[in-house]
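Text of the file data_39.txt, holding compact mmCIF, C-alpha atoms:
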```
# COMPACT_ATOMS: atom_id res chain seq x y z
CA MET J 1 -20.65 -52.46 -0.36
CA PRO J 2 -20.40 -48.72 -0.91
CA ILE J 3 -19.65 -47.38 -4.38
CA GLY J 4 -15.92 -47.73 -5.11
CA ALA J 5 -15.33 -50.34 -2.38
CA TRP J 6 -14.31 -53.99 -2.64
CA GLY J 7 -14.81 -57.16 -0.62
CA ASN J 8 -12.45 -59.82 0.74
CA ILE J 9 -9.49 -60.83 -1.37
CA SER J 10 -8.95 -64.54 -2.04
CA VAL J 11 -5.71 -66.00 -3.43
CA LYS J 12 -5.41 -69.39 -5.12
CA LEU J 13 -2.82 -71.28 -7.20
CA VAL J 14 -4.33 -71.76 -10.68
CA LYS J 15 -3.52 -71.74 -14.38
CA ASP J 16 -3.37 -68.22 -15.80
CA PRO J 17 -5.02 -67.38 -19.16
CA LYS J 18 -1.81 -68.44 -20.94
CA GLY J 19 -1.84 -71.82 -19.27
CA ARG J 20 0.99 -71.10 -16.86
CA GLU J 21 0.83 -71.96 -13.18
CA SER J 22 0.30 -68.72 -11.26
CA TYR J 23 -1.36 -67.31 -8.21
CA ARG J 24 -4.66 -65.57 -8.79
CA ALA J 25 -6.01 -62.89 -6.44
CA LYS J 26 -9.62 -61.86 -6.87
CA ALA J 27 -12.24 -59.72 -5.15
CA ARG J 28 -15.65 -58.25 -5.82
CA PHE J 29 -15.77 -54.53 -6.61
CA ARG J 30 -18.84 -52.28 -6.54
CA ASP J 31 -18.56 -50.08 -9.61
CA PHE J 32 -19.77 -46.53 -10.10
CA ASN J 33 -22.90 -47.68 -11.89
CA GLY J 34 -23.85 -49.69 -8.80
CA ALA J 35 -23.08 -53.07 -10.34
CA VAL J 36 -20.79 -55.56 -8.56
CA SER J 37 -18.09 -57.12 -10.70
CA GLN J 38 -15.17 -59.47 -10.04
CA VAL J 39 -11.65 -58.14 -10.47
CA GLU J 40 -8.63 -60.45 -10.59
CA ARG J 41 -4.87 -60.26 -11.04
CA TYR J 42 -2.12 -62.88 -11.36
CA GLY J 43 1.40 -63.14 -9.93
CA LYS J 44 4.27 -65.56 -9.49
CA THR J 45 3.69 -65.51 -5.74
CA ALA J 46 0.62 -65.05 -3.59
CA ASN J 47 1.89 -61.70 -2.30
CA ALA J 48 2.64 -60.49 -5.82
CA ALA J 49 -0.86 -61.38 -6.98
CA ARG J 50 -2.44 -59.68 -3.95
CA SER J 51 -0.36 -56.51 -4.43
CA ARG J 52 -1.28 -56.28 -8.11
CA LEU J 53 -4.95 -56.71 -7.33
CA ILE J 54 -4.92 -54.07 -4.59
CA ALA J 55 -3.17 -51.61 -6.91
CA ALA J 56 -5.77 -52.28 -9.62
CA LEU J 57 -8.64 -51.87 -7.19
CA ARG J 58 -7.25 -48.58 -5.88
CA ASP J 59 -6.83 -47.21 -9.38
CA ARG J 60 -10.35 -48.25 -10.22
CA ALA J 61 -11.68 -46.66 -7.04
CA LYS J 62 -9.82 -43.42 -7.64
CA MET J 63 -11.36 -42.46 -10.93
CA GLY J 64 -13.85 -45.14 -11.85
CA SER J 65 -15.58 -45.38 -15.16
CA SER J 66 -16.85 -41.77 -14.94
CA GLY J 67 -13.54 -40.16 -13.97
CA THR J 68 -14.74 -38.79 -10.62
CA TRP J 69 -13.42 -38.64 -7.10
CA THR J 70 -14.79 -41.07 -4.56
CA THR J 71 -15.58 -40.94 -0.87
CA THR J 72 -12.41 -42.96 -0.21
CA HIS J 73 -10.12 -40.24 -1.55
CA ARG J 74 -8.29 -38.12 0.96
CA PHE J 75 -9.16 -34.45 1.39
CA SER J 76 -5.56 -33.49 0.46
CA GLU J 77 -5.86 -35.11 -2.97
CA VAL J 78 -8.93 -33.07 -3.85
CA ALA J 79 -7.33 -29.95 -2.32
CA ASP J 80 -4.41 -30.28 -4.76
CA ALA J 81 -6.84 -30.41 -7.68
CA TRP J 82 -8.77 -27.42 -6.31
CA VAL J 83 -5.57 -25.36 -6.10
CA LYS J 84 -4.88 -26.10 -9.77
CA GLU J 85 -8.38 -24.88 -10.65
CA ILE J 86 -7.80 -21.63 -8.76
CA GLU J 87 -4.39 -21.12 -10.37
CA ALA J 88 -6.03 -21.54 -13.78
CA LEU J 89 -8.42 -18.71 -12.85
CA VAL J 90 -5.39 -16.54 -12.09
CA ASP J 91 -3.95 -17.30 -15.50
CA ASP J 92 -7.11 -16.10 -17.26
CA GLY J 93 -7.41 -13.02 -15.03
CA SER J 94 -10.46 -14.13 -13.03
CA ARG J 95 -8.64 -14.22 -9.69
CA SER J 96 -6.00 -12.04 -8.10
CA PRO J 97 -2.61 -13.70 -7.48
CA ARG J 98 -2.61 -12.30 -3.94
CA THR J 99 -6.02 -13.84 -3.21
CA VAL J 100 -4.81 -17.25 -4.40
CA GLN J 101 -1.66 -16.90 -2.33
CA SER J 102 -3.81 -16.26 0.74
CA TYR J 103 -5.82 -19.39 -0.02
CA LYS J 104 -2.71 -21.51 -0.46
CA SER J 105 -1.15 -20.15 2.70
CA VAL J 106 -4.16 -20.90 4.89
CA LEU J 107 -4.53 -24.31 3.23
CA GLU J 108 -0.99 -25.31 4.22
CA LYS J 109 -0.96 -23.71 7.67
CA HIS J 110 -4.40 -24.64 8.94
CA VAL J 111 -6.70 -26.65 6.67
CA ARG J 112 -4.43 -29.43 5.48
CA PRO J 113 -3.02 -30.25 8.95
CA ALA J 114 -6.58 -30.53 10.32
CA LEU J 115 -8.43 -32.26 7.45
CA GLY J 116 -5.84 -33.43 4.94
CA GLU J 117 -5.73 -37.11 5.91
CA LEU J 118 -9.49 -37.54 6.23
CA ARG J 119 -11.39 -39.39 3.51
CA LEU J 120 -14.00 -37.26 1.77
CA GLY J 121 -16.73 -39.29 3.42
CA GLU J 122 -15.23 -38.43 6.81
CA VAL J 123 -15.26 -34.67 6.27
CA THR J 124 -18.55 -34.09 8.05
CA THR J 125 -20.27 -30.87 9.05
CA ALA J 126 -19.50 -31.57 12.70
CA ARG J 127 -15.76 -32.04 12.05
CA VAL J 128 -15.51 -28.93 9.88
CA ASP J 129 -17.49 -26.85 12.38
CA THR J 130 -15.20 -27.90 15.23
CA PHE J 131 -12.09 -27.16 13.16
CA ILE J 132 -13.24 -23.71 11.98
CA HIS J 133 -14.22 -22.53 15.44
CA LYS J 134 -10.95 -23.74 16.92
CA VAL J 135 -9.17 -21.56 14.35
CA LYS J 136 -11.41 -18.65 15.28
CA ALA J 137 -10.57 -19.05 18.97
CA LYS J 138 -6.81 -19.50 18.50
CA VAL J 139 -6.02 -17.30 15.49
CA GLY J 140 -8.94 -15.00 14.84
CA VAL J 141 -12.06 -14.38 12.78
CA PRO J 142 -10.39 -13.36 9.47
CA THR J 143 -8.29 -16.54 9.35
CA ALA J 144 -11.31 -18.67 10.32
CA LYS J 145 -13.30 -17.17 7.44
CA LEU J 146 -10.47 -17.89 5.02
CA CYS J 147 -10.31 -21.49 6.29
CA ARG J 148 -14.04 -21.81 5.72
CA SER J 149 -13.73 -20.48 2.16
CA VAL J 150 -10.88 -22.86 1.31
CA THR J 151 -12.57 -25.89 2.86
CA SER J 152 -15.83 -25.04 1.12
CA GLY J 153 -14.02 -24.69 -2.22
CA VAL J 154 -12.39 -28.11 -1.90
CA MET J 155 -15.61 -29.82 -0.85
CA SER J 156 -17.52 -28.03 -3.61
CA LEU J 157 -15.17 -29.70 -6.10
CA ALA J 158 -15.97 -33.03 -4.46
CA VAL J 159 -19.70 -32.34 -4.86
CA ARG J 160 -19.29 -31.38 -8.52
CA SER J 161 -17.28 -34.53 -9.16
CA GLY J 162 -19.91 -36.88 -7.78
CA PRO J 163 -18.94 -38.60 -4.51
CA LEU J 164 -20.80 -36.14 -2.26
CA ASP J 165 -24.38 -34.95 -2.55
CA ALA J 166 -23.96 -31.78 -0.47
CA ASN J 167 -21.19 -29.51 0.77
CA PRO J 168 -20.81 -30.09 4.54
CA VAL J 169 -19.34 -26.62 5.04
CA ARG J 170 -22.64 -24.90 4.28
CA GLU J 171 -24.26 -26.01 7.50
CA ILE J 172 -21.56 -24.95 9.97
CA ARG J 173 -22.23 -22.19 12.48
CA ARG J 174 -21.79 -18.58 11.42
CA ILE J 175 -18.43 -17.08 12.26
CA GLU J 176 -19.50 -14.18 14.41
CA SER J 177 -17.12 -11.42 15.38
CA ALA J 178 -17.50 -8.97 18.20
CA ARG J 179 -18.91 -5.68 17.02
CA ARG J 180 -16.14 -3.17 16.64
CA LYS J 181 -16.38 -0.45 19.24
CA LYS J 182 -14.32 1.91 17.13
CA LEU J 183 -14.92 2.25 13.40
CA ALA J 184 -12.37 3.71 11.00
CA ARG J 185 -12.28 7.48 11.44
CA SER J 186 -12.68 10.00 8.68
CA LEU J 187 -10.83 13.29 8.55
CA THR J 188 -12.73 16.52 8.89
CA VAL J 189 -12.29 19.26 6.30
CA GLU J 190 -9.91 21.04 8.65
CA GLN J 191 -7.94 17.85 9.28
CA ILE J 192 -7.63 17.21 5.53
CA GLU J 193 -5.89 20.55 5.01
CA LEU J 194 -3.84 20.09 8.19
CA TRP J 195 -2.62 16.72 6.93
CA LEU J 196 -1.82 17.99 3.42
CA ARG J 197 0.07 21.01 4.80
CA ALA J 198 1.97 18.88 7.31
CA VAL J 199 3.14 16.26 4.82
CA SER J 200 4.13 18.92 2.29
CA LYS J 201 6.51 20.38 4.91
CA ASN J 202 7.79 17.04 6.22
CA GLU J 203 11.16 16.13 4.72
CA ARG J 204 10.60 12.39 4.99
CA ALA J 205 7.09 12.64 3.49
CA VAL J 206 8.28 14.75 0.55
CA ARG J 207 11.14 12.33 -0.11
CA LYS J 208 8.70 9.40 -0.12
CA ASP J 209 6.14 11.23 -2.30
CA ILE J 210 3.48 11.08 0.42
CA PRO J 211 1.91 14.55 -0.27
CA ASP J 212 0.76 13.83 -3.84
CA LEU J 213 -0.19 10.24 -3.04
CA SER J 214 -2.30 11.39 -0.07
CA LEU J 215 -4.04 14.01 -2.17
CA PHE J 216 -4.83 11.48 -4.89
CA MET J 217 -6.25 8.93 -2.43
CA LEU J 218 -8.30 11.57 -0.61
CA GLY J 219 -9.75 12.90 -3.86
CA THR J 220 -10.61 9.52 -5.40
CA GLY J 221 -11.07 7.09 -2.50
CA VAL J 222 -9.01 4.40 -4.23
CA ARG J 223 -7.15 1.69 -2.33
CA ILE J 224 -3.42 2.13 -1.92
CA GLY J 225 -2.69 -0.81 -4.21
CA GLU J 226 -4.90 0.76 -6.89
CA ALA J 227 -3.17 4.12 -6.58
CA LEU J 228 0.29 2.57 -6.87
CA ALA J 229 -0.76 0.45 -9.88
CA LEU J 230 -1.86 3.54 -11.83
CA VAL J 231 0.13 4.23 -15.01
CA TRP J 232 -0.09 7.30 -17.20
CA ALA J 233 -2.06 5.41 -19.85
CA ASP J 234 -4.87 5.21 -17.25
CA VAL J 235 -4.97 9.00 -16.82
CA ASP J 236 -7.02 11.16 -19.18
CA LEU J 237 -6.17 14.76 -18.34
CA SER J 238 -8.30 16.05 -21.22
CA ALA J 239 -11.38 14.50 -19.57
CA ASP J 240 -10.19 15.03 -15.97
CA ALA J 241 -10.61 11.31 -15.25
CA VAL J 242 -8.67 8.15 -14.40
CA ASN J 243 -9.38 4.50 -15.15
CA ILE J 244 -8.94 2.23 -12.14
CA ASP J 245 -8.43 -1.30 -13.48
CA TRP J 246 -5.36 -2.58 -11.68
CA THR J 247 -3.86 -3.14 -8.28
CA VAL J 248 -0.31 -3.95 -7.23
CA GLY J 249 0.90 -6.12 -4.37
CA ARG J 250 3.67 -8.44 -3.30
CA VAL J 251 3.08 -12.17 -3.81
CA PRO J 252 5.45 -14.61 -2.04
CA GLY J 253 7.61 -16.38 -4.57
CA GLN J 254 6.66 -13.97 -7.37
CA GLY J 255 7.62 -10.55 -6.07
CA LEU J 256 5.65 -7.41 -6.88
CA VAL J 257 2.67 -8.26 -9.11
CA ARG J 258 0.33 -5.90 -10.96
CA SER J 259 -3.01 -7.62 -11.43
CA VAL J 260 -6.62 -6.78 -12.20
CA THR J 261 -8.72 -5.33 -9.40
CA LYS J 262 -10.56 -7.53 -6.91
CA SER J 263 -13.89 -7.54 -8.78
CA GLU J 264 -15.75 -6.14 -11.77
CA ALA J 265 -16.98 -3.31 -9.56
CA GLY J 266 -13.34 -2.44 -8.91
CA GLU J 267 -12.89 -1.59 -12.58
CA ARG J 268 -14.19 1.96 -12.71
CA THR J 269 -13.61 5.38 -14.20
CA LEU J 270 -13.42 8.25 -11.72
CA GLY J 271 -13.64 11.96 -12.27
CA LEU J 272 -10.89 14.13 -10.80
CA PRO J 273 -11.29 17.27 -8.70
CA ALA J 274 -9.47 20.32 -10.09
CA ARG J 275 -6.75 20.15 -7.44
CA LEU J 276 -5.88 16.58 -8.46
CA VAL J 277 -5.83 17.53 -12.14
CA ASP J 278 -3.34 20.32 -11.41
CA MET J 279 -1.16 17.93 -9.40
CA LEU J 280 -1.15 15.29 -12.13
CA ARG J 281 -0.36 17.85 -14.82
CA ASP J 282 2.66 18.93 -12.79
CA ARG J 283 3.82 15.31 -12.56
CA PHE J 284 3.26 14.60 -16.25
CA ALA J 285 6.52 16.14 -17.40
CA ALA J 286 7.82 16.02 -20.95
CA GLY J 287 9.22 12.63 -21.87
CA VAL J 288 7.02 10.63 -19.51
CA MET J 289 6.10 7.24 -21.00
CA LEU J 290 2.49 6.06 -20.81
CA ASP J 291 3.45 2.74 -19.22
CA TRP J 292 5.31 4.43 -16.35
CA PRO J 293 3.72 4.46 -12.89
CA VAL J 294 2.18 7.75 -11.82
CA PHE J 295 3.57 7.23 -8.30
CA PRO J 296 6.84 5.34 -8.91
CA ASP J 297 9.53 4.13 -6.54
CA SER J 298 13.00 5.67 -6.41
CA ILE J 299 14.11 3.93 -9.62
CA GLY J 300 10.93 4.50 -11.61
CA GLY J 301 9.20 1.15 -11.06
CA PHE J 302 6.05 0.20 -9.19
CA ARG J 303 6.07 0.88 -5.46
CA ASP J 304 5.46 -1.86 -2.92
CA PRO J 305 2.27 -1.07 -0.95
CA ASN J 306 3.77 -2.63 2.19
CA ASN J 307 6.82 -0.38 2.00
CA THR J 308 4.61 2.63 1.28
CA LEU J 309 2.43 1.87 4.32
CA ARG J 310 5.59 1.67 6.41
CA ASP J 311 6.66 5.08 5.09
CA LEU J 312 3.21 6.43 5.93
CA ARG J 313 3.46 5.09 9.49
CA LYS J 314 6.77 6.86 10.02
CA VAL J 315 5.42 10.12 8.62
CA ARG J 316 2.20 10.17 10.65
CA ALA J 317 4.17 9.54 13.84
CA GLU J 318 5.77 12.95 13.27
CA ILE J 319 2.48 14.83 12.79
CA GLU J 320 0.93 15.97 16.03
CA SER J 321 -2.79 15.22 16.49
CA LEU J 322 -2.91 13.11 13.30
CA GLU J 323 -0.83 10.11 14.43
CA TRP J 324 -3.88 7.89 13.85
CA VAL J 325 -4.18 8.52 10.11
CA LYS J 326 -3.86 5.44 7.89
CA SER J 327 -4.42 4.95 4.18
CA HIS J 328 -7.86 3.45 4.83
CA ASN J 329 -8.90 6.67 6.58
CA PHE J 330 -8.63 8.41 3.21
CA ARG J 331 -11.28 6.09 1.73
CA LYS J 332 -13.45 6.53 4.80
CA THR J 333 -13.07 10.30 4.52
CA LEU J 334 -14.28 10.44 0.93
CA ALA J 335 -17.22 8.15 1.74
CA THR J 336 -18.23 10.35 4.67
CA LEU J 337 -17.92 13.56 2.67
CA LEU J 338 -20.08 12.14 -0.14
CA ASP J 339 -22.63 10.92 2.37
CA ASP J 340 -22.76 14.36 4.01
CA ALA J 341 -23.24 15.89 0.56
CA GLY J 342 -26.37 13.78 0.04
CA HIS J 343 -25.00 11.10 -2.30
CA SER J 344 -26.73 7.75 -2.28
CA ALA J 345 -25.14 4.54 -1.01
CA ARG J 346 -25.15 3.31 -4.62
CA GLN J 347 -23.15 6.32 -5.78
CA ILE J 348 -20.64 6.01 -2.96
CA ALA J 349 -20.21 2.27 -3.59
CA ASP J 350 -19.54 2.99 -7.26
CA GLN J 351 -16.90 5.54 -6.33
CA LEU J 352 -15.13 3.14 -3.98
CA GLY J 353 -15.59 0.06 -6.19
CA HIS J 354 -17.37 -1.95 -3.52
CA SER J 355 -20.06 -3.96 -5.34
CA ARG J 356 -21.07 -5.43 -8.70
CA VAL J 357 -22.19 -3.14 -11.50
CA SER J 358 -25.21 -3.99 -13.68
CA MET J 359 -24.67 -5.73 -17.00
CA THR J 360 -26.50 -2.89 -18.79
CA GLN J 361 -24.18 -0.22 -17.50
CA ASP J 362 -21.03 -2.22 -18.20
CA THR J 363 -21.92 -3.66 -21.59
CA TYR J 364 -24.43 -1.38 -23.28
CA LEU J 365 -23.82 2.08 -21.89
CA GLY J 366 -20.03 1.96 -22.08
CA ARG J 367 -17.61 3.09 -19.44
CA LYS J 368 -18.86 6.34 -17.96
CA ILE J 369 -17.54 8.27 -15.00
CA ARG J 370 -19.18 6.76 -11.94
CA ASN J 371 -20.94 9.33 -9.76
CA ALA J 372 -19.78 12.46 -11.56
CA LYS J 373 -21.15 14.62 -8.72
CA ALA J 374 -18.38 13.24 -6.52
CA VAL J 375 -16.06 15.67 -8.31
CA GLU J 376 -18.26 18.59 -7.28
CA ALA J 377 -18.24 17.46 -3.67
CA MET J 378 -14.47 17.06 -3.58
CA ASN J 379 -13.91 20.38 -5.35
CA GLU J 380 -15.81 22.06 -2.54
CA VAL J 381 -13.58 20.39 0.05
CA LEU J 382 -10.20 20.49 -1.66
CA GLY J 383 -10.73 23.65 -3.66
CA THR J 384 -7.91 24.54 -5.99
CA ARG J 385 -4.25 24.04 -5.32
CA PRO J 386 -2.96 26.53 -2.75
CA GLU J 387 -0.28 28.88 -3.93
CA ARG J 388 3.15 27.44 -3.21
CA ASP J 389 5.48 29.67 -1.29
CA SER J 390 8.85 30.64 -2.67
CA GLU J 391 10.65 28.10 -0.49
CA SER J 392 8.61 25.17 -1.85
CA GLU J 393 9.03 26.44 -5.42
CA SER J 394 12.80 26.64 -5.05
CA GLY J 395 12.83 23.12 -3.63
CA GLY J 396 10.99 21.75 -6.68
```

Represent the structure contained in this file as structure tokens.
Amino acid sequence: MPIGAWGNISVKLVKDPKGRESYRAKARFRDFNGAVSQVERYGKTANAARSRLIAALRDRAKMGSSGTWTTTHRFSEVADAWVKEIEALVDDGSRSPRTVQSYKSVLEKHVRPALGELRLGEVTTARVDTFIHKVKAKVGVPTAKLCRSVTSGVMSLAVRSGPLDANPVREIRRIESARRKKLARSLTVEQIELWLRAVSKNERAVRKDIPDLSLFMLGTGVRIGEALALVWADVDLSADAVNIDWTVGRVPGQGLVRSVTKSEAGERTLGLPARLVDMLRDRFAAGVMLDWPVFPDSIGGFRDPNNTLRDLRKVRAEIESLEWVKSHNFRKTLATLLDDAGHSARQIADQLGHSRVSMTQDTYLGRKIRNAKAVEAMNEVLGTRPERDSESESGG
């Protein structure tokens, strides 16, 4: 018998340990130490005795003497436990609430319907491979990769708990995607100024605070969620720098959530070009509280990135020759400008917060401005703030 399994059940009318006439149901059970033992239960009827024995055997198989899962458990049971582990990581700040929400969503929509009722021992590499590549064909590569991550996480828990020796997800085929013919475009120096002039004269853009937000994202390369999560306590105008530690996004069931950035590399201090410093000083009016957002919504709270992207789409549709500009193009623009200026891939990655930072830099050297020369490069491109005409001054 496999570990956690039992043999045939026999039922017989006997005297129970108290000397009463009862039905006894018994079966052999292979325990988690490999030994086979006899388990028995009593009942007033044969069916009652059998039911009690089956319940006892199932309980014993579920956790066993070592408190682990077994190969007879269903995938869904382990998935529930895995979700609780991930939620605990959110509580201690190790995972983003939006990332966990993505995991839970793909678990319910795709993974659980396909694998949920399988026993752990039935979740083979072949079955997982077939499932993942069906998702790729029907839904797309990003969803297939998320399904792989979720399935791997659940099966990793099963491996750690004992019933499986290896994670079957590791051996599935790579999820290949067609090479993109068209990469994200970066704006030229001329297009940067064209965009900034156009949004500063666009009534909708001014009303939605797009000019200053665009300038900040162009000059720092931060993600839109990071820009909208910025509060005045993160801005050091005396040092011409900002701390990027947070991001903001909408989580279903929770609303707008401000959480730590995606990774340790995302936590960074960036120098500010002179034009951004001037803009931020103008925004930092008397009476501003340090916990207020730098780019707030209409009532002074945090802005929803989804709503802001919608505003940006409407604005760019009104700007001739720049209808293609998206928030990600701002990050691409800064990366391209730094590359053209001779900055290394390491320096550019530090600016954008793309990869892990060394323990020495984080722990022993303190938080220093990453790639300080990025400020010089952006100062050359952005220059200083252009003089505002009388019309713009009168309009505030």

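For the pair atom CA of Trp195 of chain J and atom CA of Phe295 of chain J, the interatomic distance is 19.0 Å.
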
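Here atom CA of Ile3 of chain J stands at a distance of 13.4 Å from atom CA of Asp165 of chain J.
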
**Request:** Around the point (-23.1, 13.3, -5.9), in the coordinates given by the file, pick out the residues reaching within 9 Å, counting all atoms listed in the file, and return them as number ranges by chain.
**Result:** J: 338-339, 341-344, 347-348, 371-377

**Request:** Quick one: everything within 10 Å of segment 314-317 of chain J, counting all atoms listed in the file, minus sequence neighbours fewer than 4 positions away in the same chain. Send it as a ChimeraX atom specification.
**Result:** /J:195,198-199,202-206,208,210,308-310,321-326

**Message:** Restricting the calculation to all atoms listed in the file: of J:Glu87, J:Glu77, J:Asp304, J:Glu193, which residue gets closest to Val154 of chain J?
**Reply:** J:Glu77

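When all atoms listed in the file are used to measure the gap to Tyr23 of chain J, the shortest distance among J:Val139, J:Ala46, J:Ala5, J:Leu53 belongs to J:Ala46.
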
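Taking atom CA of Gln351 of chain J and atom CA of Glu267 of chain J as the two end points, the separation is 10.3 Å.
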
**Request:** Fewer than 4 positions away in the same chain doesn't count, so skip those; otherwise give me all residues within 10 Å of Glu21 of chain J, counting only C-alpha atoms, as an MDAnalysis selection string.
**Result:** chainID J and resid 13:17 42:44

Residues from the last selection, C-alpha atoms, saved as a PDB file, in the coordinates of the input:
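Result went into again_24.pdb, see below:
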```pdb
ATOM      1  CA  LEU J  13      -2.820 -71.280  -7.200  1.00  0.00           C
ATOM      2  CA  VAL J  14      -4.330 -71.760 -10.680  1.00  0.00           C
ATOM      3  CA  LYS J  15      -3.520 -71.740 -14.380  1.00  0.00           C
ATOM      4  CA  ASP J  16      -3.370 -68.220 -15.800  1.00  0.00           C
ATOM      5  CA  PRO J  17      -5.020 -67.380 -19.160  1.00  0.00           C
ATOM      6  CA  TYR J  42      -2.120 -62.880 -11.360  1.00  0.00           C
ATOM      7  CA  GLY J  43       1.400 -63.140  -9.930  1.00  0.00           C
ATOM      8  CA  LYS J  44       4.270 -65.560  -9.490  1.00  0.00           C
TER       9      LYS J  44
END
```

**Request:** Find the residues near segment 57-59 of chain J: any atom within 10 Å, counting only C-alpha atoms, skip ones fewer than 4 places away on the same chain, and give them as an MDAnalysis selection string.
**Result:** chainID J and resid 4:6 27:29 39:41 51:53 63:64 72:73

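Closest approach to Ser94 of chain J among J:Glu318, J:Val260, J:Asn379, J:Arg283: J:Val260, based on all atoms listed in the file.
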
**Item:** Residues within 6 Å of segment 217-229 of chain J, only C-alpha atoms, excluding chain neighbours under 6 positions, as a PyMOL selection string
**Value:** chain J and resi 246-248+295+305+330-331+334+352

**Message:** Around (-11.2, 23.8, -6.6), as given in the file, which residues come within 7 Å? Count all atoms listed in the file and list them as a count of residues only.
**Reply:** 8

Complete the atom set of segment 235-247 of chain J to N, CA and C atoms and return it as a CSV table (one decimal), in the coordinates of the input.
```
chain,number,residue,atom,x,y,z
J,235,VAL,N,-4.6,7.6,-17.2
J,235,VAL,CA,-5.0,9.0,-16.8
J,235,VAL,C,-5.4,9.8,-18.1
J,236,ASP,N,-6.5,10.4,-18.1
J,236,ASP,CA,-7.0,11.2,-19.2
J,236,ASP,C,-7.2,12.6,-18.7
J,237,LEU,N,-6.1,13.4,-18.8
J,237,LEU,CA,-6.2,14.8,-18.3
J,237,LEU,C,-7.1,15.6,-19.2
J,238,SER,N,-7.4,15.3,-20.4
J,238,SER,CA,-8.3,16.0,-21.2
J,238,SER,C,-9.7,15.9,-20.7
J,239,ALA,N,-10.0,14.8,-20.1
J,239,ALA,CA,-11.4,14.5,-19.6
J,239,ALA,C,-11.4,14.6,-18.1
J,240,ASP,N,-10.3,14.9,-17.4
J,240,ASP,CA,-10.2,15.0,-16.0
J,240,ASP,C,-10.7,13.7,-15.3
J,241,ALA,N,-10.1,12.6,-15.8
J,241,ALA,CA,-10.6,11.3,-15.2
J,241,ALA,C,-9.5,10.3,-15.2
J,242,VAL,N,-9.6,9.3,-14.4
J,242,VAL,CA,-8.7,8.2,-14.4
J,242,VAL,C,-9.4,6.8,-14.5
J,243,ASN,N,-8.8,5.9,-15.1
J,243,ASN,CA,-9.4,4.5,-15.2
J,243,ASN,C,-8.7,3.7,-14.1
J,244,ILE,N,-9.5,3.1,-13.2
J,244,ILE,CA,-8.9,2.2,-12.1
J,244,ILE,C,-9.2,0.8,-12.5
J,245,ASP,N,-8.3,0.1,-13.0
J,245,ASP,CA,-8.4,-1.3,-13.5
J,245,ASP,C,-7.5,-2.3,-12.8
J,246,TRP,N,-6.4,-1.7,-12.2
J,246,TRP,CA,-5.4,-2.6,-11.7
J,246,TRP,C,-5.0,-2.3,-10.2
J,247,THR,N,-4.4,-3.3,-9.6
J,247,THR,CA,-3.9,-3.1,-8.3
J,247,THR,C,-2.5,-3.8,-8.3
```
